[in-house]
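Below is one structure; the comments refer to it alone.
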Amino acid sequence: MKECMIVDVPLSNIAILKATLSLTDSSSIKAKPGRLGLNGEDSASVVVEFENDKPSNNDWIAVFSPAKFNGSICDLENDPRADVPYICSAPIKYQFANFSDHNYANTGKASLKLQLINQRSDFSFALFRGGLSNPKLLAVSNSISFVNPRAPVCPRLALGKSWNEMTVTWTSGYNIDKAVPFVEWRWKGGKKTHSPAGTLTFGRRSMCGSPARSVGWRHPGWIHTSFLKDLWPNTVYTYKLGHLLSNGSYIWSKMYSFRSSPYPGQDSLHRVIIFGDMGKGERDGSNEYNNYQPGLLHTTDQLINDLNDIDIVFHIGDITYANGYISQWDQFTAQVEPIASTVSYMITSGNHERDWPRTGSFYGGTDSGGECGVPAETMFYVPADNRAKFWPVAIVLEMIRVENTTPQDLLKLQYAIAKRSAQANISAADGLLFFNHGIYVSRVSCVHSDILSSMTLRQRDIRARNIHSRASQLLSVVQECGLIFAVMTRPTPYAMIRNRSPIGFNSALANLGYG
């Protein structure tokens with residue numbers, strides 16, 4: 001068990017609105033190569049070289065995208081008559097100038113090797129002195145870009161609403177007036193099939209407050225979702241993302257693959273990974289905060305290494321810890337791409353995705369940084385009629401997002417689910433599993449498990465009308481922190497499970513109105 005902690009985003013430590021102009025001929029910065037992704041890569045390393053005649057260990061390098069970051073793109077949230085700052089947008093990442101060369105403060109010369117992902121725009125690099133709290137801009141580099149900044153990237157698989165459907169969501173720089181999005185897919189030996197995709201995005205004014213609406217804002221691009229239907233059970237499919245341009249040419253992603261779900265009721269093995277509170281990290285060491293990144297990157301790498309033994313992943317809240325810095329959602333989807341492009345990556349929201357005052361979230365905190373759930377529900381598909389509710393209905397797992405409830409309300413909900421499940425004739429071998437994402441209560445710490453605390457409510461408890469006592473035990477685990485629950489048929493976190501009869505349980509939730 002561990003205590004929840006208030007998490008600050010590294011980018012929030014930068015007082016970017018206080019940045020002043022202090023350009024000098026004796027300071028310079030340049031980046032190479034100028035063109036990235038020559039062979040279709042979605043990420044690339046760049047070398048940034050810089051020098052300063054008055055070096056300090058407080059000097060730092062910022063990465064901006066788009067490359068033009070001065071005051072002309074400001075959108076002041078509170079008072080448009082206020083003095084316009086020189087820089088109004090936070091960088092997408094940063095690193096201290098002495099990171100690679102501890103002798104920088106003596107020589108005034110150094111270089112950094114930074115990792116960039118394709119984020120639909122060009123990049124520039126800036127050298128600052130004065131630390132993060134009093135930044136003074138000394139020099140700005142040349143701009144660099146990927147060969148095709150708009151290219152489709154980072155596919156995210158998710159189960160559809162039926163057992164034989166898979167959804168593919170991805171990000172690109174193409175709105176529908178520029179190109180038609182679709183997925184080309186096939187099973188080995190089968191005919192190629194093209195499935196169209198819907199397109200969504202969100203704007204600055206969809207955010208509920210700062211920093212998401214101010215310094216943290218960056219256009220998220222266009223998010224496309226395609227539905228691959230009538231899949232054969234237990235079959236490997238290959239797919240690639242496509243965009244048909246108005247001139248008749250095609251833009252393609254690289255090729256990916258996934259295995260479809262088994263037939264409902266089939267005696268089959270499901271290997272499920274469940275976790276929450278992971279976040280995103282930078283492999284080049286930038287944006288480091290309290291040494292968290294090695295742990296979360298280790299988790300990501302372990303999942304990648306174990307992909308052959310994983311059928312589905314559930315990320316139960318606190319997904320990116322972007323907290324209003326929208327560029328970090330791109331960083332996260334790139335981080336999990338090897339996982340999410342291969343197995344279903346199902347999400348639900350936590351306080352760091354949803355909480356914002358007067359927006360319908362349970363607590364009146366500001367943990368989402370003004371996102372109020374919008375990026376999470378747009379960047380990832382959930383099989384729900386109302387995506388804002390984050391109630392994915394899947395073959396193996398049902399997730400329920402419960403807002404504006406008391407512990408007593410949760411108890412009533414659990415009783416209703418259990419009762420209706422009994423009416424749906426779930427077999428004695430099946431059961432219901434409830435677990436929660438721990439939610440912070442203001443700045444008072446609550447306790448939750450890294451691997452989510454859980455309790456199984458078995459059919460025998462339902463028949464013995466022993467539901468209330470079992471649910472009460474659950475509430476002692478959930479305490480005041482439980483907002484998000486999930487209900488499974490026969491699963492165990494981090495275990496191999498056999499799924500026998502999910503249909504009855506889906507019917508149960510449908511009867512409750514949660515389908």
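By order of appearance in the structure tokens: chains A, B, ..., then residues from 1 within every chain, and ligands from 1 in the order shown.
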
Tell me, counting only C-alpha atoms, for each residue of segment 280-345 of chain A within 12 Å of segment 270-273 of chain A, which pair of atoms is nearest and how far apart they are in Å to one decimal, in rows ordered by chain and increasing number, as a tab-separated table.
```
residue	atom	partner	partner_atom	distance
A:Thr299	CA	A:Ile273	CA	11.4
A:Thr300	CA	A:Ile273	CA	11.8
A:Gln302	CA	A:Ile273	CA	11.3
A:Leu303	CA	A:Ile273	CA	8.7
A:Ile304	CA	A:Ile273	CA	11.9
A:Asp306	CA	A:Ile273	CA	10.3
A:Leu307	CA	A:Arg271	CA	10.0
A:Asn308	CA	A:Arg271	CA	9.8
A:Asp309	CA	A:Arg271	CA	6.6
A:Ile310	CA	A:Arg271	CA	5.0
A:Asp311	CA	A:Arg271	CA	5.1
A:Ile312	CA	A:Val272	CA	5.3
A:Val313	CA	A:Ile273	CA	4.8
A:Phe314	CA	A:Ile273	CA	6.2
A:His315	CA	A:Ile273	CA	8.4
A:Ile316	CA	A:Ile273	CA	10.5
A:Ile339	CA	A:Ile273	CA	11.4
A:Val343	CA	A:Val272	CA	10.3
A:Ser344	CA	A:Val272	CA	10.2
A:Tyr345	CA	A:Ile273	CA	9.7
```

key: All residues 9 Å or closer to Lys18 of chain A, only C-alpha atoms, same chain fewer than 4 positions away omitted, as a PyMOL selection string   = chain A and resi 85-87+133-136

Keeping only C-alpha atoms, write those residues as a short mmCIF file (atom, residue, chain, number, x, y, z; two decimals), in the first residue's frame.
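out.cif written:
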```cif
data_model
loop_
_atom_site.label_atom_id
_atom_site.label_comp_id
_atom_site.auth_asym_id
_atom_site.auth_seq_id
_atom_site.Cartn_x
_atom_site.Cartn_y
_atom_site.Cartn_z
CA PRO A 85 3.99 38.31 -22.38
CA TYR A 86 6.78 37.61 -24.84
CA ILE A 87 6.17 33.85 -24.61
CA SER A 133 11.57 30.69 -12.29
CA ASN A 134 13.15 33.73 -14.00
CA PRO A 135 13.81 32.72 -17.62
CA LYS A 136 15.78 35.06 -19.89
#
```

message = Quick one: residues within 8 Å of Cys154 of chain A, only C-alpha atoms, excluding same-chain residues fewer than 4 positions away - as number ranges by chain?
response = A: 170-171, 333-334, 337, 341

Could you turn the residues from that selection into a file that holds C-alpha atoms, as a short mmCIF file (atom, residue, chain, number, x, y, z; two decimals), in the first residue's frame?
```cif
data_model
loop_
_atom_site.label_atom_id
_atom_site.label_comp_id
_atom_site.auth_asym_id
_atom_site.auth_seq_id
_atom_site.Cartn_x
_atom_site.Cartn_y
_atom_site.Cartn_z
CA TRP A 170 -4.93 7.35 -34.15
CA THR A 171 -3.71 10.92 -34.45
CA THR A 333 0.49 7.82 -26.92
CA ALA A 334 3.95 7.50 -28.50
CA GLU A 337 2.29 2.73 -29.05
CA SER A 341 -1.12 -0.90 -31.39
#
```

As an mmCIF file with N, CA, C and O atoms, in the first residue's frame, please: every residue in segment 193-414 of chain A that DSSP puts in strand (DSSP E).
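So the final result, stored in result.cif, reads:
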```
data_model
loop_
_atom_site.group_PDB
_atom_site.id
_atom_site.type_symbol
_atom_site.label_atom_id
_atom_site.label_comp_id
_atom_site.auth_asym_id
_atom_site.auth_seq_id
_atom_site.Cartn_x
_atom_site.Cartn_y
_atom_site.Cartn_z
ATOM 1 N N THR A 193 -9.429 -5.148 -46.736
ATOM 2 C CA THR A 193 -10.669 -4.438 -46.455
ATOM 3 C C THR A 193 -10.339 -3.016 -46.041
ATOM 4 O O THR A 193 -9.373 -2.781 -45.320
ATOM 5 N N HIS A 194 -11.131 -2.066 -46.504
ATOM 6 C CA HIS A 194 -10.971 -0.675 -46.109
ATOM 7 C C HIS A 194 -12.155 -0.264 -45.243
ATOM 8 O O HIS A 194 -13.308 -0.407 -45.651
ATOM 9 N N SER A 195 -11.874 0.233 -44.038
ATOM 10 C CA SER A 195 -12.932 0.715 -43.136
ATOM 11 C C SER A 195 -12.752 2.201 -42.903
ATOM 12 O O SER A 195 -11.651 2.643 -42.541
ATOM 13 N N PRO A 196 -13.800 2.988 -43.085
ATOM 14 C CA PRO A 196 -13.686 4.436 -42.889
ATOM 15 C C PRO A 196 -13.517 4.780 -41.416
ATOM 16 O O PRO A 196 -13.783 3.962 -40.534
ATOM 17 N N ALA A 197 -13.094 5.992 -41.165
ATOM 18 C CA ALA A 197 -12.877 6.453 -39.795
ATOM 19 C C ALA A 197 -13.597 7.779 -39.568
ATOM 20 O O ALA A 197 -13.681 8.615 -40.467
ATOM 21 N N GLY A 198 -14.117 7.944 -38.364
ATOM 22 C CA GLY A 198 -14.644 9.236 -37.940
ATOM 23 C C GLY A 198 -13.510 10.099 -37.406
ATOM 24 O O GLY A 198 -12.456 9.598 -37.006
ATOM 25 N N THR A 199 -13.726 11.406 -37.377
ATOM 26 C CA THR A 199 -12.670 12.342 -36.984
ATOM 27 C C THR A 199 -13.180 13.300 -35.922
ATOM 28 O O THR A 199 -14.252 13.896 -36.073
ATOM 29 N N LEU A 200 -12.412 13.433 -34.852
ATOM 30 C CA LEU A 200 -12.728 14.351 -33.762
ATOM 31 C C LEU A 200 -11.522 15.226 -33.456
ATOM 32 O O LEU A 200 -10.391 14.900 -33.810
ATOM 33 N N TRP A 222 -5.897 15.886 -35.151
ATOM 34 C CA TRP A 222 -7.191 15.262 -35.404
ATOM 35 C C TRP A 222 -7.112 13.787 -35.023
ATOM 36 O O TRP A 222 -6.148 13.094 -35.360
ATOM 37 N N ILE A 223 -8.119 13.350 -34.308
ATOM 38 C CA ILE A 223 -8.140 12.004 -33.753
ATOM 39 C C ILE A 223 -9.184 11.201 -34.529
ATOM 40 O O ILE A 223 -10.357 11.576 -34.588
ATOM 41 N N HIS A 224 -8.748 10.136 -35.143
ATOM 42 C CA HIS A 224 -9.585 9.327 -36.020
ATOM 43 C C HIS A 224 -9.859 7.969 -35.372
ATOM 44 O O HIS A 224 -8.967 7.386 -34.744
ATOM 45 N N THR A 225 -11.061 7.455 -35.548
ATOM 46 C CA THR A 225 -11.409 6.130 -35.041
ATOM 47 C C THR A 225 -12.140 5.345 -36.120
ATOM 48 O O THR A 225 -13.120 5.824 -36.702
ATOM 49 N N SER A 226 -11.626 4.146 -36.380
ATOM 50 C CA SER A 226 -12.238 3.252 -37.357
ATOM 51 C C SER A 226 -12.696 1.975 -36.654
ATOM 52 O O SER A 226 -12.085 1.539 -35.668
ATOM 53 N N PHE A 227 -13.761 1.368 -37.168
ATOM 54 C CA PHE A 227 -14.354 0.175 -36.557
ATOM 55 C C PHE A 227 -14.174 -1.017 -37.496
ATOM 56 O O PHE A 227 -14.749 -1.042 -38.588
ATOM 57 N N LEU A 228 -13.361 -1.958 -37.052
ATOM 58 C CA LEU A 228 -13.123 -3.164 -37.837
ATOM 59 C C LEU A 228 -14.104 -4.231 -37.351
ATOM 60 O O LEU A 228 -14.010 -4.702 -36.212
ATOM 61 N N VAL A 236 -5.245 -13.576 -36.265
ATOM 62 C CA VAL A 236 -4.299 -12.470 -36.357
ATOM 63 C C VAL A 236 -4.624 -11.644 -37.601
ATOM 64 O O VAL A 236 -4.733 -12.183 -38.715
ATOM 65 N N TYR A 237 -4.789 -10.349 -37.391
ATOM 66 C CA TYR A 237 -5.041 -9.407 -38.476
ATOM 67 C C TYR A 237 -3.886 -8.421 -38.575
ATOM 68 O O TYR A 237 -3.292 -8.035 -37.562
ATOM 69 N N THR A 238 -3.572 -8.009 -39.792
ATOM 70 C CA THR A 238 -2.639 -6.912 -40.006
ATOM 71 C C THR A 238 -3.429 -5.687 -40.442
ATOM 72 O O THR A 238 -4.500 -5.810 -41.053
ATOM 73 N N TYR A 239 -2.899 -4.505 -40.130
ATOM 74 C CA TYR A 239 -3.596 -3.275 -40.504
ATOM 75 C C TYR A 239 -2.605 -2.133 -40.648
ATOM 76 O O TYR A 239 -1.497 -2.162 -40.089
ATOM 77 N N LYS A 240 -3.009 -1.135 -41.400
ATOM 78 C CA LYS A 240 -2.239 0.099 -41.470
ATOM 79 C C LYS A 240 -3.199 1.266 -41.641
ATOM 80 O O LYS A 240 -4.316 1.117 -42.145
ATOM 81 N N LEU A 241 -2.767 2.410 -41.172
ATOM 82 C CA LEU A 241 -3.570 3.627 -41.198
ATOM 83 C C LEU A 241 -3.367 4.331 -42.535
ATOM 84 O O LEU A 241 -2.241 4.414 -43.036
ATOM 85 N N GLY A 242 -4.458 4.851 -43.078
ATOM 86 C CA GLY A 242 -4.360 5.514 -44.376
ATOM 87 C C GLY A 242 -5.117 6.825 -44.421
ATOM 88 O O GLY A 242 -6.084 7.034 -43.682
ATOM 89 N N HIS A 243 -4.659 7.722 -45.293
ATOM 90 C CA HIS A 243 -5.351 8.978 -45.586
ATOM 91 C C HIS A 243 -5.328 9.182 -47.091
ATOM 92 O O HIS A 243 -4.250 9.178 -47.709
ATOM 93 N N LEU A 244 -6.504 9.347 -47.675
ATOM 94 C CA LEU A 244 -6.639 9.610 -49.102
ATOM 95 C C LEU A 244 -6.689 11.121 -49.324
ATOM 96 O O LEU A 244 -7.627 11.788 -48.889
ATOM 97 N N LEU A 245 -5.650 11.657 -49.971
ATOM 98 C CA LEU A 245 -5.576 13.090 -50.219
ATOM 99 C C LEU A 245 -6.463 13.488 -51.387
ATOM 100 O O LEU A 245 -6.872 12.657 -52.206
ATOM 101 N N TYR A 250 -2.058 8.639 -51.568
ATOM 102 C CA TYR A 250 -2.299 8.059 -50.252
ATOM 103 C C TYR A 250 -1.126 8.343 -49.315
ATOM 104 O O TYR A 250 0.031 8.338 -49.723
ATOM 105 N N ILE A 251 -1.460 8.560 -48.063
ATOM 106 C CA ILE A 251 -0.472 8.625 -46.998
ATOM 107 C C ILE A 251 -0.686 7.398 -46.116
ATOM 108 O O ILE A 251 -1.806 7.149 -45.650
ATOM 109 N N TRP A 252 0.378 6.627 -45.871
ATOM 110 C CA TRP A 252 0.260 5.386 -45.121
ATOM 111 C C TRP A 252 1.119 5.404 -43.867
ATOM 112 O O TRP A 252 2.189 6.011 -43.845
ATOM 113 N N TYR A 256 0.847 -2.797 -38.731
ATOM 114 C CA TYR A 256 0.680 -3.280 -37.366
ATOM 115 C C TYR A 256 -0.146 -4.565 -37.404
ATOM 116 O O TYR A 256 -0.668 -4.961 -38.450
ATOM 117 N N SER A 257 -0.289 -5.211 -36.241
ATOM 118 C CA SER A 257 -1.098 -6.421 -36.181
ATOM 119 C C SER A 257 -1.741 -6.576 -34.811
ATOM 120 O O SER A 257 -1.288 -5.983 -33.818
ATOM 121 N N PHE A 258 -2.812 -7.372 -34.745
ATOM 122 C CA PHE A 258 -3.472 -7.714 -33.480
ATOM 123 C C PHE A 258 -4.161 -9.055 -33.641
ATOM 124 O O PHE A 258 -4.378 -9.534 -34.764
ATOM 125 N N ARG A 259 -4.513 -9.668 -32.525
ATOM 126 C CA ARG A 259 -5.285 -10.907 -32.522
ATOM 127 C C ARG A 259 -6.700 -10.606 -32.047
ATOM 128 O O ARG A 259 -6.893 -9.940 -31.030
ATOM 129 N N SER A 268 -11.434 -20.351 -23.260
ATOM 130 C CA SER A 268 -10.238 -19.682 -23.774
ATOM 131 C C SER A 268 -9.498 -18.986 -22.647
ATOM 132 O O SER A 268 -10.036 -18.742 -21.570
ATOM 133 N N LEU A 269 -8.266 -18.675 -22.920
ATOM 134 C CA LEU A 269 -7.380 -18.075 -21.934
ATOM 135 C C LEU A 269 -7.252 -16.584 -22.206
ATOM 136 O O LEU A 269 -6.936 -16.171 -23.320
ATOM 137 N N HIS A 270 -7.505 -15.756 -21.182
ATOM 138 C CA HIS A 270 -7.350 -14.310 -21.302
ATOM 139 C C HIS A 270 -6.288 -13.843 -20.324
ATOM 140 O O HIS A 270 -6.413 -14.054 -19.121
ATOM 141 N N ARG A 271 -5.281 -13.197 -20.828
ATOM 142 C CA ARG A 271 -4.197 -12.713 -19.982
ATOM 143 C C ARG A 271 -4.326 -11.198 -19.886
ATOM 144 O O ARG A 271 -4.171 -10.488 -20.878
ATOM 145 N N VAL A 272 -4.650 -10.735 -18.706
ATOM 146 C CA VAL A 272 -5.088 -9.363 -18.489
ATOM 147 C C VAL A 272 -4.083 -8.621 -17.604
ATOM 148 O O VAL A 272 -3.630 -9.154 -16.594
ATOM 149 N N ILE A 273 -3.752 -7.406 -17.993
ATOM 150 C CA ILE A 273 -2.917 -6.530 -17.177
ATOM 151 C C ILE A 273 -3.758 -5.342 -16.735
ATOM 152 O O ILE A 273 -4.405 -4.698 -17.568
ATOM 153 N N ILE A 274 -3.761 -5.051 -15.455
ATOM 154 C CA ILE A 274 -4.548 -3.947 -14.895
ATOM 155 C C ILE A 274 -3.646 -3.091 -14.019
ATOM 156 O O ILE A 274 -2.952 -3.617 -13.149
ATOM 157 N N PHE A 275 -3.655 -1.797 -14.264
ATOM 158 C CA PHE A 275 -2.872 -0.888 -13.432
ATOM 159 C C PHE A 275 -3.432 0.526 -13.577
ATOM 160 O O PHE A 275 -4.266 0.803 -14.440
ATOM 161 N N ILE A 312 -4.965 -8.124 -23.208
ATOM 162 C CA ILE A 312 -5.661 -6.845 -23.061
ATOM 163 C C ILE A 312 -5.062 -6.089 -21.878
ATOM 164 O O ILE A 312 -4.586 -6.702 -20.909
ATOM 165 N N VAL A 313 -5.056 -4.769 -21.983
ATOM 166 C CA VAL A 313 -4.516 -3.907 -20.925
ATOM 167 C C VAL A 313 -5.616 -2.955 -20.471
ATOM 168 O O VAL A 313 -6.334 -2.387 -21.300
ATOM 169 N N PHE A 314 -5.734 -2.785 -19.152
ATOM 170 C CA PHE A 314 -6.663 -1.815 -18.575
ATOM 171 C C PHE A 314 -5.868 -0.803 -17.768
ATOM 172 O O PHE A 314 -5.214 -1.164 -16.787
ATOM 173 N N HIS A 315 -5.905 0.430 -18.210
ATOM 174 C CA HIS A 315 -5.218 1.528 -17.516
ATOM 175 C C HIS A 315 -6.295 2.322 -16.782
ATOM 176 O O HIS A 315 -7.021 3.117 -17.368
ATOM 177 N N ILE A 316 -6.371 2.086 -15.477
ATOM 178 C CA ILE A 316 -7.498 2.595 -14.696
ATOM 179 C C ILE A 316 -7.150 3.949 -14.085
ATOM 180 O O ILE A 316 -6.834 4.076 -12.912
ATOM 181 N N SER A 344 -5.633 -4.535 -27.092
ATOM 182 C CA SER A 344 -6.595 -3.505 -26.687
ATOM 183 C C SER A 344 -6.086 -2.772 -25.450
ATOM 184 O O SER A 344 -5.694 -3.398 -24.466
ATOM 185 N N TYR A 345 -6.118 -1.446 -25.510
ATOM 186 C CA TYR A 345 -5.653 -0.606 -24.406
ATOM 187 C C TYR A 345 -6.866 0.188 -23.921
ATOM 188 O O TYR A 345 -7.223 1.219 -24.473
ATOM 189 N N MET A 346 -7.516 -0.346 -22.882
ATOM 190 C CA MET A 346 -8.752 0.236 -22.382
ATOM 191 C C MET A 346 -8.440 1.187 -21.233
ATOM 192 O O MET A 346 -7.627 0.876 -20.360
ATOM 193 N N ILE A 347 -9.081 2.332 -21.243
ATOM 194 C CA ILE A 347 -8.818 3.319 -20.199
ATOM 195 C C ILE A 347 -10.105 3.742 -19.508
ATOM 196 O O ILE A 347 -11.214 3.558 -20.016
ATOM 197 N N THR A 348 -9.946 4.296 -18.334
ATOM 198 C CA THR A 348 -10.976 5.100 -17.710
ATOM 199 C C THR A 348 -10.271 6.269 -17.040
ATOM 200 O O THR A 348 -9.045 6.300 -16.968
ATOM 201 N N LEU A 397 -14.530 -7.234 -19.613
ATOM 202 C CA LEU A 397 -14.584 -6.280 -18.507
ATOM 203 C C LEU A 397 -15.630 -5.218 -18.753
ATOM 204 O O LEU A 397 -15.806 -4.760 -19.868
ATOM 205 N N GLU A 398 -16.318 -4.830 -17.701
ATOM 206 C CA GLU A 398 -17.238 -3.695 -17.760
ATOM 207 C C GLU A 398 -16.717 -2.630 -16.795
ATOM 208 O O GLU A 398 -16.452 -2.927 -15.637
ATOM 209 N N MET A 399 -16.554 -1.405 -17.248
ATOM 210 C CA MET A 399 -16.120 -0.330 -16.369
ATOM 211 C C MET A 399 -17.274 0.633 -16.151
ATOM 212 O O MET A 399 -18.014 0.938 -17.080
ATOM 213 N N ILE A 400 -17.394 1.106 -14.955
ATOM 214 C CA ILE A 400 -18.457 2.041 -14.613
ATOM 215 C C ILE A 400 -17.833 3.265 -13.981
ATOM 216 O O ILE A 400 -17.097 3.155 -13.015
ATOM 217 N N ARG A 401 -18.109 4.427 -14.516
ATOM 218 C CA ARG A 401 -17.640 5.660 -13.908
ATOM 219 C C ARG A 401 -18.775 6.223 -13.072
ATOM 220 O O ARG A 401 -19.868 6.454 -13.572
#
```

ask   = If we count only C-alpha atoms, what is near Thr359 of chain A at a cut-off of 10 Å, once residues fewer than 2 positions away on the same chain are taken out, given as a count of residues only?
value = 12

Enumerate as a short mmCIF file (atom, residue, chain, number, x, y, z; two decimals) with N, CA and C atoms, in the first residue's frame all residues of segment 198-372 of chain A assigned to helix (DSSP H, G or I) by DSSP on the backbone, naming them with the chain letters and numbers the document uses.
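The resulting part-v6.cif:
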```
data_model
loop_
_atom_site.label_atom_id
_atom_site.label_comp_id
_atom_site.auth_asym_id
_atom_site.auth_seq_id
_atom_site.Cartn_x
_atom_site.Cartn_y
_atom_site.Cartn_z
N ARG A 204 -9.20 25.02 -27.80
CA ARG A 204 -8.76 25.65 -26.55
C ARG A 204 -9.95 25.95 -25.65
N ARG A 205 -11.05 26.39 -26.21
CA ARG A 205 -12.21 26.76 -25.41
C ARG A 205 -12.99 25.55 -24.90
N SER A 206 -12.60 24.37 -25.32
CA SER A 206 -13.18 23.16 -24.73
C SER A 206 -12.54 22.83 -23.39
N GLN A 293 10.60 8.94 -13.66
CA GLN A 293 10.57 8.38 -15.00
C GLN A 293 11.15 6.98 -15.12
N PRO A 294 12.26 6.66 -14.46
CA PRO A 294 12.77 5.29 -14.61
C PRO A 294 11.74 4.23 -14.26
N GLY A 295 10.92 4.47 -13.24
CA GLY A 295 9.91 3.50 -12.84
C GLY A 295 8.84 3.32 -13.89
N LEU A 296 8.29 4.42 -14.39
CA LEU A 296 7.20 4.29 -15.35
C LEU A 296 7.70 3.78 -16.70
N LEU A 297 8.92 4.15 -17.09
CA LEU A 297 9.47 3.61 -18.32
C LEU A 297 9.79 2.12 -18.17
N HIS A 298 10.19 1.72 -16.97
CA HIS A 298 10.41 0.28 -16.72
C HIS A 298 9.10 -0.48 -16.85
N THR A 299 8.01 0.10 -16.34
CA THR A 299 6.70 -0.53 -16.47
C THR A 299 6.33 -0.67 -17.95
N THR A 300 6.52 0.40 -18.71
CA THR A 300 6.22 0.37 -20.14
C THR A 300 7.05 -0.70 -20.85
N ASP A 301 8.34 -0.72 -20.56
CA ASP A 301 9.23 -1.68 -21.22
C ASP A 301 8.87 -3.12 -20.85
N GLN A 302 8.46 -3.33 -19.59
CA GLN A 302 8.09 -4.67 -19.18
C GLN A 302 6.84 -5.15 -19.91
N LEU A 303 5.89 -4.24 -20.09
CA LEU A 303 4.69 -4.59 -20.85
C LEU A 303 5.05 -4.94 -22.29
N ILE A 304 5.96 -4.16 -22.88
CA ILE A 304 6.38 -4.43 -24.26
C ILE A 304 7.06 -5.79 -24.34
N ASN A 305 7.92 -6.08 -23.38
CA ASN A 305 8.63 -7.36 -23.37
C ASN A 305 7.67 -8.54 -23.20
N LEU A 307 4.49 -8.69 -24.26
CA LEU A 307 3.33 -8.58 -25.14
C LEU A 307 2.82 -9.93 -25.65
N ASN A 308 3.70 -10.88 -25.85
CA ASN A 308 3.27 -12.19 -26.33
C ASN A 308 2.42 -12.93 -25.30
N ASP A 309 2.46 -12.46 -24.05
CA ASP A 309 1.69 -13.09 -22.98
C ASP A 309 0.59 -12.18 -22.45
N SER A 327 0.47 18.88 -24.90
CA SER A 327 1.49 18.20 -25.69
C SER A 327 1.88 16.86 -25.09
N GLN A 328 1.68 16.70 -23.79
CA GLN A 328 2.10 15.47 -23.14
C GLN A 328 1.23 14.27 -23.50
N TRP A 329 0.03 14.52 -24.02
CA TRP A 329 -0.79 13.41 -24.50
C TRP A 329 -0.15 12.75 -25.72
N ASP A 330 0.44 13.56 -26.61
CA ASP A 330 1.18 12.98 -27.73
C ASP A 330 2.36 12.15 -27.23
N GLN A 331 3.05 12.69 -26.24
CA GLN A 331 4.20 11.96 -25.70
C GLN A 331 3.76 10.61 -25.13
N PHE A 332 2.62 10.60 -24.46
CA PHE A 332 2.16 9.34 -23.85
C PHE A 332 1.72 8.33 -24.91
N THR A 333 0.95 8.77 -25.90
CA THR A 333 0.49 7.82 -26.92
C THR A 333 1.68 7.24 -27.69
N ALA A 334 2.73 8.03 -27.86
CA ALA A 334 3.95 7.50 -28.50
C ALA A 334 4.63 6.49 -27.58
N GLN A 335 4.62 6.76 -26.29
CA GLN A 335 5.26 5.87 -25.32
C GLN A 335 4.61 4.49 -25.31
N GLU A 337 2.66 3.22 -27.72
CA GLU A 337 2.29 2.73 -29.05
C GLU A 337 2.63 1.26 -29.27
N PRO A 338 3.81 0.77 -28.89
CA PRO A 338 4.08 -0.66 -29.12
C PRO A 338 3.07 -1.57 -28.43
N ILE A 339 2.50 -1.12 -27.32
CA ILE A 339 1.50 -1.91 -26.59
C ILE A 339 0.12 -1.70 -27.21
N ALA A 340 -0.30 -0.43 -27.29
CA ALA A 340 -1.67 -0.11 -27.70
C ALA A 340 -1.94 -0.44 -29.16
N ASN A 351 -8.62 11.29 -11.31
CA ASN A 351 -8.72 12.70 -10.95
C ASN A 351 -7.83 13.58 -11.82
N HIS A 352 -6.70 13.04 -12.28
CA HIS A 352 -5.80 13.86 -13.10
C HIS A 352 -6.26 13.98 -14.54
N GLU A 353 -7.30 13.28 -14.92
CA GLU A 353 -7.96 13.51 -16.20
C GLU A 353 -9.22 14.37 -16.04
N ARG A 354 -9.93 14.23 -14.92
CA ARG A 354 -11.30 14.73 -14.86
C ARG A 354 -11.53 15.90 -13.91
#
```

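Distances here use only C-alpha atoms; by that measure, the residue among A:Gly108, A:Gly350, A:Pro33, A:Pro155 closest to Phe50 of chain A is A:Gly108.
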
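Taking only C-alpha atoms, the non-local environment of Gly40 of chain A within 12 Å (same-chain residues fewer than 3 positions away omitted) comprises Arg35, Leu36, Gly37, Ser43, Ala44, Ile117, Asn118, Phe146, Val147, Asn148, Pro149, Arg150, Ala151, Pro152, Val153, Ile251, Trp252, Ser253, Lys254 and Met255 of chain A.
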